[in-house]
$ cat query19.cif   # mmCIF, C-alpha atoms
data_start
loop_
_atom_site.label_atom_id
_atom_site.label_comp_id
_atom_site.auth_asym_id
_atom_site.auth_seq_id
_atom_site.Cartn_x
_atom_site.Cartn_y
_atom_site.Cartn_z
CA MET H 26 108.58 139.13 138.13
CA SER H 27 108.50 135.99 140.28
CA GLY H 28 107.76 133.87 137.14
CA ALA H 29 110.89 135.10 135.29
CA ILE H 30 113.70 132.60 134.75
CA LYS H 31 116.84 133.46 136.72
CA CYS H 32 120.46 132.42 136.27
CA SER H 33 121.55 129.66 138.65
CA GLU H 34 125.01 131.26 139.02
CA CYS H 35 124.42 134.99 139.56
CA ASP H 36 120.63 135.10 140.15
CA GLN H 37 120.07 137.66 137.35
CA THR H 38 116.97 137.46 135.13
CA VAL H 39 117.77 135.65 131.86
CA GLY H 40 114.26 134.93 130.53
CA ASN H 41 114.35 132.69 127.43
CA ALA H 42 117.95 133.59 126.48
CA ARG H 43 120.39 130.74 125.98
CA PHE H 44 123.13 132.35 128.09
CA CYS H 45 123.15 134.78 131.00
CA THR H 46 124.21 138.25 129.85
CA ASN H 47 125.82 138.95 133.23
CA CYS H 48 128.03 135.90 133.87
CA GLY H 49 127.77 133.95 130.57
CA LYS H 50 126.55 130.71 132.17
CA GLN H 51 124.21 128.60 130.02
CA ASN H 52 120.54 128.83 130.97
CA VAL H 53 119.50 125.39 132.25
CA HIS H 54 115.86 126.14 131.36
CA TYR H 55 116.65 127.17 127.76
CA ASP H 56 115.55 123.95 125.99
CA ALA H 57 112.35 123.60 128.02
CA ALA H 58 111.39 127.23 127.36
CA ASN H 59 111.94 126.94 123.59
CA LEU H 60 110.21 123.58 123.38
CA SER H 61 107.06 124.82 125.12
CA THR H 62 107.02 127.97 122.95
CA GLU H 63 107.38 125.85 119.80
CA GLN H 64 104.57 123.53 120.88
CA GLU H 65 102.30 126.48 121.67
CA ASN H 66 102.87 127.84 118.15
CA GLN H 67 101.93 124.51 116.53
CA LYS H 68 98.27 123.79 115.88
CA VAL H 69 97.35 120.11 115.62
CA ILE H 70 95.10 119.62 112.59
CA PHE H 71 94.89 115.82 112.51
CA ASP H 72 96.12 113.15 114.93
CA ARG H 73 94.75 109.64 114.42
CA ASN H 74 95.54 106.00 113.87
CA LEU H 75 94.40 104.87 110.43
CA TYR H 76 93.78 101.25 109.44
CA PRO H 77 94.23 101.03 105.65
CA LEU H 78 93.73 97.24 105.59
CA CYS H 79 90.77 97.28 108.03
CA LEU H 80 91.00 94.37 110.49
CA VAL H 81 94.12 92.96 108.83
CA SER H 82 96.00 96.09 109.96
CA CYS H 83 95.09 95.29 113.57
CA VAL H 84 96.13 91.64 113.27
CA LEU H 85 99.46 92.53 111.65
CA CYS H 86 100.11 95.36 114.13
CA SER H 87 100.53 97.78 111.23
CA PRO H 88 98.23 100.78 111.56
CA VAL H 89 99.38 104.11 110.20
CA HIS H 90 99.61 106.90 112.78
CA LEU H 91 99.34 110.32 111.16
CA THR H 92 99.91 113.62 112.92
CA ILE H 93 99.48 116.85 110.97
CA THR H 94 100.43 120.11 112.67
CA SER H 95 100.82 123.62 111.34
CA LYS H 96 104.57 123.02 110.89
CA ARG H 97 104.97 119.39 109.81
CA ILE H 98 103.40 116.05 108.92
CA ASP H 99 104.56 113.01 110.89
CA THR H 100 103.75 109.45 109.84
CA ALA H 101 104.46 106.20 111.63
CA SER H 102 103.72 102.99 109.74
CA GLY H 103 104.82 99.40 109.38
CA CYS H 104 104.97 96.63 111.93
CA CYS H 105 104.51 98.25 115.36
CA CYS H 106 104.99 101.71 113.74
CA GLY H 107 108.64 101.00 112.96
CA ASN H 108 108.84 103.34 109.96
CA LEU H 109 108.83 107.02 110.89
CA ASP H 110 108.77 109.90 108.42
CA THR H 111 108.53 113.66 108.85
CA LEU H 112 107.58 116.15 106.17
CA ASP H 113 108.01 119.86 106.69
CA MET H 114 104.89 121.81 105.72
CA ARG H 115 107.04 124.14 103.60
CA ARG H 116 107.94 121.21 101.30
CA VAL H 117 104.31 120.49 100.36
CA LYS H 118 103.67 121.25 96.67
CA ASP H 119 99.96 120.53 96.34
CA ILE H 120 97.00 119.09 98.23
CA GLY H 121 94.10 117.17 96.70
CA PHE H 122 90.73 115.95 97.97
CA ASP H 123 88.60 113.17 96.42
CA ARG H 124 85.43 111.39 97.42
CA SER H 125 82.69 109.42 95.73
CA CYS H 126 78.93 109.83 96.21
CA LEU H 127 78.92 107.01 98.77
CA GLU H 128 81.84 108.54 100.66
CA MET H 129 80.03 111.89 100.61
CA CYS H 130 77.01 110.28 102.27
CA ILE H 131 79.10 108.80 105.09
CA ASN H 132 81.33 111.91 105.50
CA ARG H 133 84.51 110.19 104.31
CA GLY H 134 87.12 111.19 101.75
CA THR H 135 90.70 110.79 100.54
CA ILE H 136 93.31 113.50 101.01
CA THR H 137 96.44 113.43 98.84
CA ILE H 138 99.50 115.49 99.74
CA PHE H 139 102.13 116.00 97.04
CA SER H 140 105.54 117.08 98.30
CA ALA H 141 109.12 117.76 97.26
CA ASP H 142 110.24 114.94 99.58
CA GLU H 143 112.43 112.38 97.78
CA THR H 144 111.48 109.39 99.94
CA HIS H 145 107.68 109.85 99.91
CA PRO H 146 106.59 112.36 97.25
CA GLU H 147 102.91 111.43 97.67
CA LEU H 148 100.99 110.80 100.89
CA LYS H 149 97.45 109.54 100.49
CA PHE H 150 95.05 108.75 103.34
CA SER H 151 91.31 108.25 103.82
CA CYS H 152 89.39 109.15 106.93
CA PHE H 153 86.01 110.21 108.25
CA GLY H 154 85.55 113.97 108.45
CA ALA H 155 88.07 114.44 105.64
CA LYS H 156 86.44 117.61 104.27
CA ARG H 157 87.06 119.47 107.55
CA VAL H 158 90.63 118.13 107.75
CA PHE H 159 91.28 119.13 104.12
CA THR H 160 89.93 122.65 104.68
CA GLU H 161 92.10 123.19 107.77
CA LEU H 162 95.13 121.65 106.05
CA ARG H 163 94.70 123.86 102.97
CA THR H 164 94.35 126.99 105.12
CA THR H 165 97.44 126.10 107.15
CA TRP H 166 99.43 125.27 104.01
CA ASN H 167 98.49 128.62 102.42
CA GLN H 168 99.53 130.48 105.57
CA CYS H 169 102.82 128.56 105.60
CA LYS H 170 103.46 129.47 101.95
CA LEU H 171 102.73 133.13 102.64
CA SER H 172 105.01 133.23 105.67
CA THR H 173 107.98 131.76 103.72
CA VAL H 174 107.71 134.17 100.77
CA VAL H 175 110.69 136.51 100.72
CA SER H 176 109.85 140.08 99.78
#

$ encode --input "query19.cif" --output "structure tokens"
Amino acid sequence: MSGAIKCSECDQTVGNARFCTNCGKQNVHYDAANLSTEQENQKVIFDRNLYPLCLVSCVLCSPVHLTITSKRIDTASGCCCGNLDTLDMRRVKDIGFDRSCLEMCINRGTITIFSADETHPELKFSCFGAKRVFTELRTTWNQCKLSTVVS
């Protein structure tokens, strides 16, 4: 048990608890333990910089950074990524996938995410390898829906 977290006051094992059950002192390692556990539970599906205006996006310093994990969708856009938005995966209503014959030949497609978010109800992005991203996103979204269903 040398790896167990101990209380700094009474030297009792507290583990991932917020407070020590012996003396009541707050566990100084509580936030770090919960943060690492939360990050271990999240699976990163997609994490890339997208350039919707091709070279103009680079010149204007306005690429879109998109990170999709099993729990949320984070976007950073605008000049120097000044606009940040987070969408909880549980708020996603529907997911769509489109591509033309040319896009199919070059392994590119457009993924559209419809959500119950008031600020950005529709998120649309194009990328290479979109079919794989869409499949993983759909699977994760279905698992998220199943886990939030109350029986």

$ resolve_selection --input "query19.cif" --expression "the PyMOL selection byres ((chain H and resi 94-109) around 12)" --output "number ranges by chain"
H: 63-78, 81-93, 110-117, 138-140, 142, 144-145, 148-150, 158, 161-170, 172-173

$ write_last_selection --input "query19.cif" --atoms "C-alpha atoms" --output "mmCIF file, in the coordinates of the input"
data_model
loop_
_atom_site.group_PDB
_atom_site.id
_atom_site.type_symbol
_atom_site.label_atom_id
_atom_site.label_comp_id
_atom_site.auth_asym_id
_atom_site.auth_seq_id
_atom_site.Cartn_x
_atom_site.Cartn_y
_atom_site.Cartn_z
ATOM 1 C CA GLU H 63 107.380 125.850 119.800
ATOM 2 C CA GLN H 64 104.570 123.530 120.880
ATOM 3 C CA GLU H 65 102.300 126.480 121.670
ATOM 4 C CA ASN H 66 102.870 127.840 118.150
ATOM 5 C CA GLN H 67 101.930 124.510 116.530
ATOM 6 C CA LYS H 68 98.270 123.790 115.880
ATOM 7 C CA VAL H 69 97.350 120.110 115.620
ATOM 8 C CA ILE H 70 95.100 119.620 112.590
ATOM 9 C CA PHE H 71 94.890 115.820 112.510
ATOM 10 C CA ASP H 72 96.120 113.150 114.930
ATOM 11 C CA ARG H 73 94.750 109.640 114.420
ATOM 12 C CA ASN H 74 95.540 106.000 113.870
ATOM 13 C CA LEU H 75 94.400 104.870 110.430
ATOM 14 C CA TYR H 76 93.780 101.250 109.440
ATOM 15 C CA PRO H 77 94.230 101.030 105.650
ATOM 16 C CA LEU H 78 93.730 97.240 105.590
ATOM 17 C CA VAL H 81 94.120 92.960 108.830
ATOM 18 C CA SER H 82 96.000 96.090 109.960
ATOM 19 C CA CYS H 83 95.090 95.290 113.570
ATOM 20 C CA VAL H 84 96.130 91.640 113.270
ATOM 21 C CA LEU H 85 99.460 92.530 111.650
ATOM 22 C CA CYS H 86 100.110 95.360 114.130
ATOM 23 C CA SER H 87 100.530 97.780 111.230
ATOM 24 C CA PRO H 88 98.230 100.780 111.560
ATOM 25 C CA VAL H 89 99.380 104.110 110.200
ATOM 26 C CA HIS H 90 99.610 106.900 112.780
ATOM 27 C CA LEU H 91 99.340 110.320 111.160
ATOM 28 C CA THR H 92 99.910 113.620 112.920
ATOM 29 C CA ILE H 93 99.480 116.850 110.970
ATOM 30 C CA ASP H 110 108.770 109.900 108.420
ATOM 31 C CA THR H 111 108.530 113.660 108.850
ATOM 32 C CA LEU H 112 107.580 116.150 106.170
ATOM 33 C CA ASP H 113 108.010 119.860 106.690
ATOM 34 C CA MET H 114 104.890 121.810 105.720
ATOM 35 C CA ARG H 115 107.040 124.140 103.600
ATOM 36 C CA ARG H 116 107.940 121.210 101.300
ATOM 37 C CA VAL H 117 104.310 120.490 100.360
ATOM 38 C CA ILE H 138 99.500 115.490 99.740
ATOM 39 C CA PHE H 139 102.130 116.000 97.040
ATOM 40 C CA SER H 140 105.540 117.080 98.300
ATOM 41 C CA ASP H 142 110.240 114.940 99.580
ATOM 42 C CA THR H 144 111.480 109.390 99.940
ATOM 43 C CA HIS H 145 107.680 109.850 99.910
ATOM 44 C CA LEU H 148 100.990 110.800 100.890
ATOM 45 C CA LYS H 149 97.450 109.540 100.490
ATOM 46 C CA PHE H 150 95.050 108.750 103.340
ATOM 47 C CA VAL H 158 90.630 118.130 107.750
ATOM 48 C CA GLU H 161 92.100 123.190 107.770
ATOM 49 C CA LEU H 162 95.130 121.650 106.050
ATOM 50 C CA ARG H 163 94.700 123.860 102.970
ATOM 51 C CA THR H 164 94.350 126.990 105.120
ATOM 52 C CA THR H 165 97.440 126.100 107.150
ATOM 53 C CA TRP H 166 99.430 125.270 104.010
ATOM 54 C CA ASN H 167 98.490 128.620 102.420
ATOM 55 C CA GLN H 168 99.530 130.480 105.570
ATOM 56 C CA CYS H 169 102.820 128.560 105.600
ATOM 57 C CA LYS H 170 103.460 129.470 101.950
ATOM 58 C CA SER H 172 105.010 133.230 105.670
ATOM 59 C CA THR H 173 107.980 131.760 103.720
#

$ atom_distance --input "query19.cif" --atom1 "CA of Ile131 (chain H)" --atom2 "CA of Ser151 (chain H)"
12.3 Å

$ closest_residue --input "query19.cif" --among "H:Ser33, H:Asn52, H:Asn41, H:Thr137" --to "Phe122 (chain H)" --atoms "only C-alpha atoms"
H:Thr137

$ residues_around --input "query19.cif" --residues "Lys31 (chain H)" --least-positions-apart "4" --cutoff "12 Å" --atoms "all atoms listed in the file" --output "ChimeraX atom specification"
/H:26-27,35-48,50-55

$ atom_distance --input "query19.cif" --atom1 "CA of Leu127 (chain H)" --atom2 "CA of Glu147 (chain H)"
24.4 Å

$ closest_residue --input "query19.cif" --among "H:Cys32, H:Gly154, H:Leu171, H:Thr135" --to "Ile120 (chain H)" --atoms "only C-alpha atoms"
H:Thr135

$ atom_distance --input "query19.cif" --atom1 "CA of Lys156 (chain H)" --atom2 "CA of Lys118 (chain H)"
19.2 Å

$ build_atoms --input "query19.cif" --residues "region 32-55 of chain H" --atoms "N, CA and C atoms" --output "mmCIF file, in the frame of the given file"
data_model
loop_
_atom_site.group_PDB
_atom_site.id
_atom_site.type_symbol
_atom_site.label_atom_id
_atom_site.label_comp_id
_atom_site.auth_asym_id
_atom_site.auth_seq_id
_atom_site.Cartn_x
_atom_site.Cartn_y
_atom_site.Cartn_z
ATOM 1 N N CYS H 32 119.207 133.150 136.420
ATOM 2 C CA CYS H 32 120.460 132.420 136.270
ATOM 3 C C CYS H 32 120.770 131.680 137.569
ATOM 4 N N SER H 33 121.229 130.438 137.455
ATOM 5 C CA SER H 33 121.550 129.660 138.650
ATOM 6 C C SER H 33 122.881 130.098 139.278
ATOM 7 N N GLU H 34 123.701 130.812 138.530
ATOM 8 C CA GLU H 34 125.010 131.260 139.020
ATOM 9 C C GLU H 34 124.930 132.613 139.718
ATOM 10 N N CYS H 35 124.380 133.632 139.022
ATOM 11 C CA CYS H 35 124.420 134.990 139.560
ATOM 12 C C CYS H 35 123.037 135.529 139.952
ATOM 13 N N ASP H 36 121.994 134.753 139.760
ATOM 14 C CA ASP H 36 120.630 135.100 140.150
ATOM 15 C C ASP H 36 120.071 136.325 139.394
ATOM 16 N N GLN H 37 120.592 136.591 138.198
ATOM 17 C CA GLN H 37 120.070 137.660 137.350
ATOM 18 C C GLN H 37 118.983 137.084 136.435
ATOM 19 N N THR H 38 118.047 137.907 136.015
ATOM 20 C CA THR H 38 116.970 137.460 135.130
ATOM 21 C C THR H 38 117.535 137.212 133.732
ATOM 22 N N VAL H 39 117.299 135.985 133.206
ATOM 23 C CA VAL H 39 117.770 135.650 131.860
ATOM 24 C C VAL H 39 116.616 135.428 130.885
ATOM 25 N N GLY H 40 115.424 135.156 131.395
ATOM 26 C CA GLY H 40 114.260 134.930 130.530
ATOM 27 C C GLY H 40 114.454 133.693 129.669
ATOM 28 N N ASN H 41 114.207 133.820 128.349
ATOM 29 C CA ASN H 41 114.350 132.690 127.430
ATOM 30 C C ASN H 41 115.684 132.693 126.692
ATOM 31 N N ALA H 42 116.639 133.527 127.127
ATOM 32 C CA ALA H 42 117.950 133.590 126.480
ATOM 33 C C ALA H 42 118.733 132.310 126.751
ATOM 34 N N ARG H 43 119.617 131.958 125.822
ATOM 35 C CA ARG H 43 120.390 130.740 125.980
ATOM 36 C C ARG H 43 121.484 130.890 127.039
ATOM 37 N N PHE H 44 122.069 132.089 127.126
ATOM 38 C CA PHE H 44 123.130 132.350 128.090
ATOM 39 C C PHE H 44 122.789 133.575 128.926
ATOM 40 N N CYS H 45 123.312 133.621 130.131
ATOM 41 C CA CYS H 45 123.150 134.780 131.000
ATOM 42 C C CYS H 45 124.014 135.915 130.468
ATOM 43 N N THR H 46 123.448 137.106 130.356
ATOM 44 C CA THR H 46 124.210 138.250 129.850
ATOM 45 C C THR H 46 125.167 138.807 130.899
ATOM 46 N N ASN H 47 124.965 138.449 132.162
ATOM 47 C CA ASN H 47 125.820 138.950 133.230
ATOM 48 C C ASN H 47 127.067 138.081 133.410
ATOM 49 N N CYS H 48 126.884 136.765 133.586
ATOM 50 C CA CYS H 48 128.030 135.900 133.870
ATOM 51 C C CYS H 48 128.376 134.960 132.713
ATOM 52 N N GLY H 49 127.497 134.799 131.726
ATOM 53 C CA GLY H 49 127.770 133.950 130.570
ATOM 54 C C GLY H 49 127.437 132.492 130.761
ATOM 55 N N LYS H 50 126.901 132.113 131.923
ATOM 56 C CA LYS H 50 126.550 130.710 132.170
ATOM 57 C C LYS H 50 125.338 130.328 131.324
ATOM 58 N N GLN H 51 125.321 129.067 130.839
ATOM 59 C CA GLN H 51 124.210 128.600 130.020
ATOM 60 C C GLN H 51 122.947 128.482 130.871
ATOM 61 N N ASN H 52 121.840 128.909 130.300
ATOM 62 C CA ASN H 52 120.540 128.830 130.970
ATOM 63 C C ASN H 52 120.078 127.380 130.971
ATOM 64 N N VAL H 53 119.910 126.791 132.152
ATOM 65 C CA VAL H 53 119.500 125.390 132.250
ATOM 66 C C VAL H 53 118.051 125.189 131.804
ATOM 67 N N HIS H 54 117.252 126.228 131.766
ATOM 68 C CA HIS H 54 115.860 126.140 131.360
ATOM 69 C C HIS H 54 115.659 126.503 129.888
ATOM 70 N N TYR H 55 116.746 126.703 129.147
ATOM 71 C CA TYR H 55 116.650 127.170 127.760
ATOM 72 C C TYR H 55 115.865 126.201 126.872
#
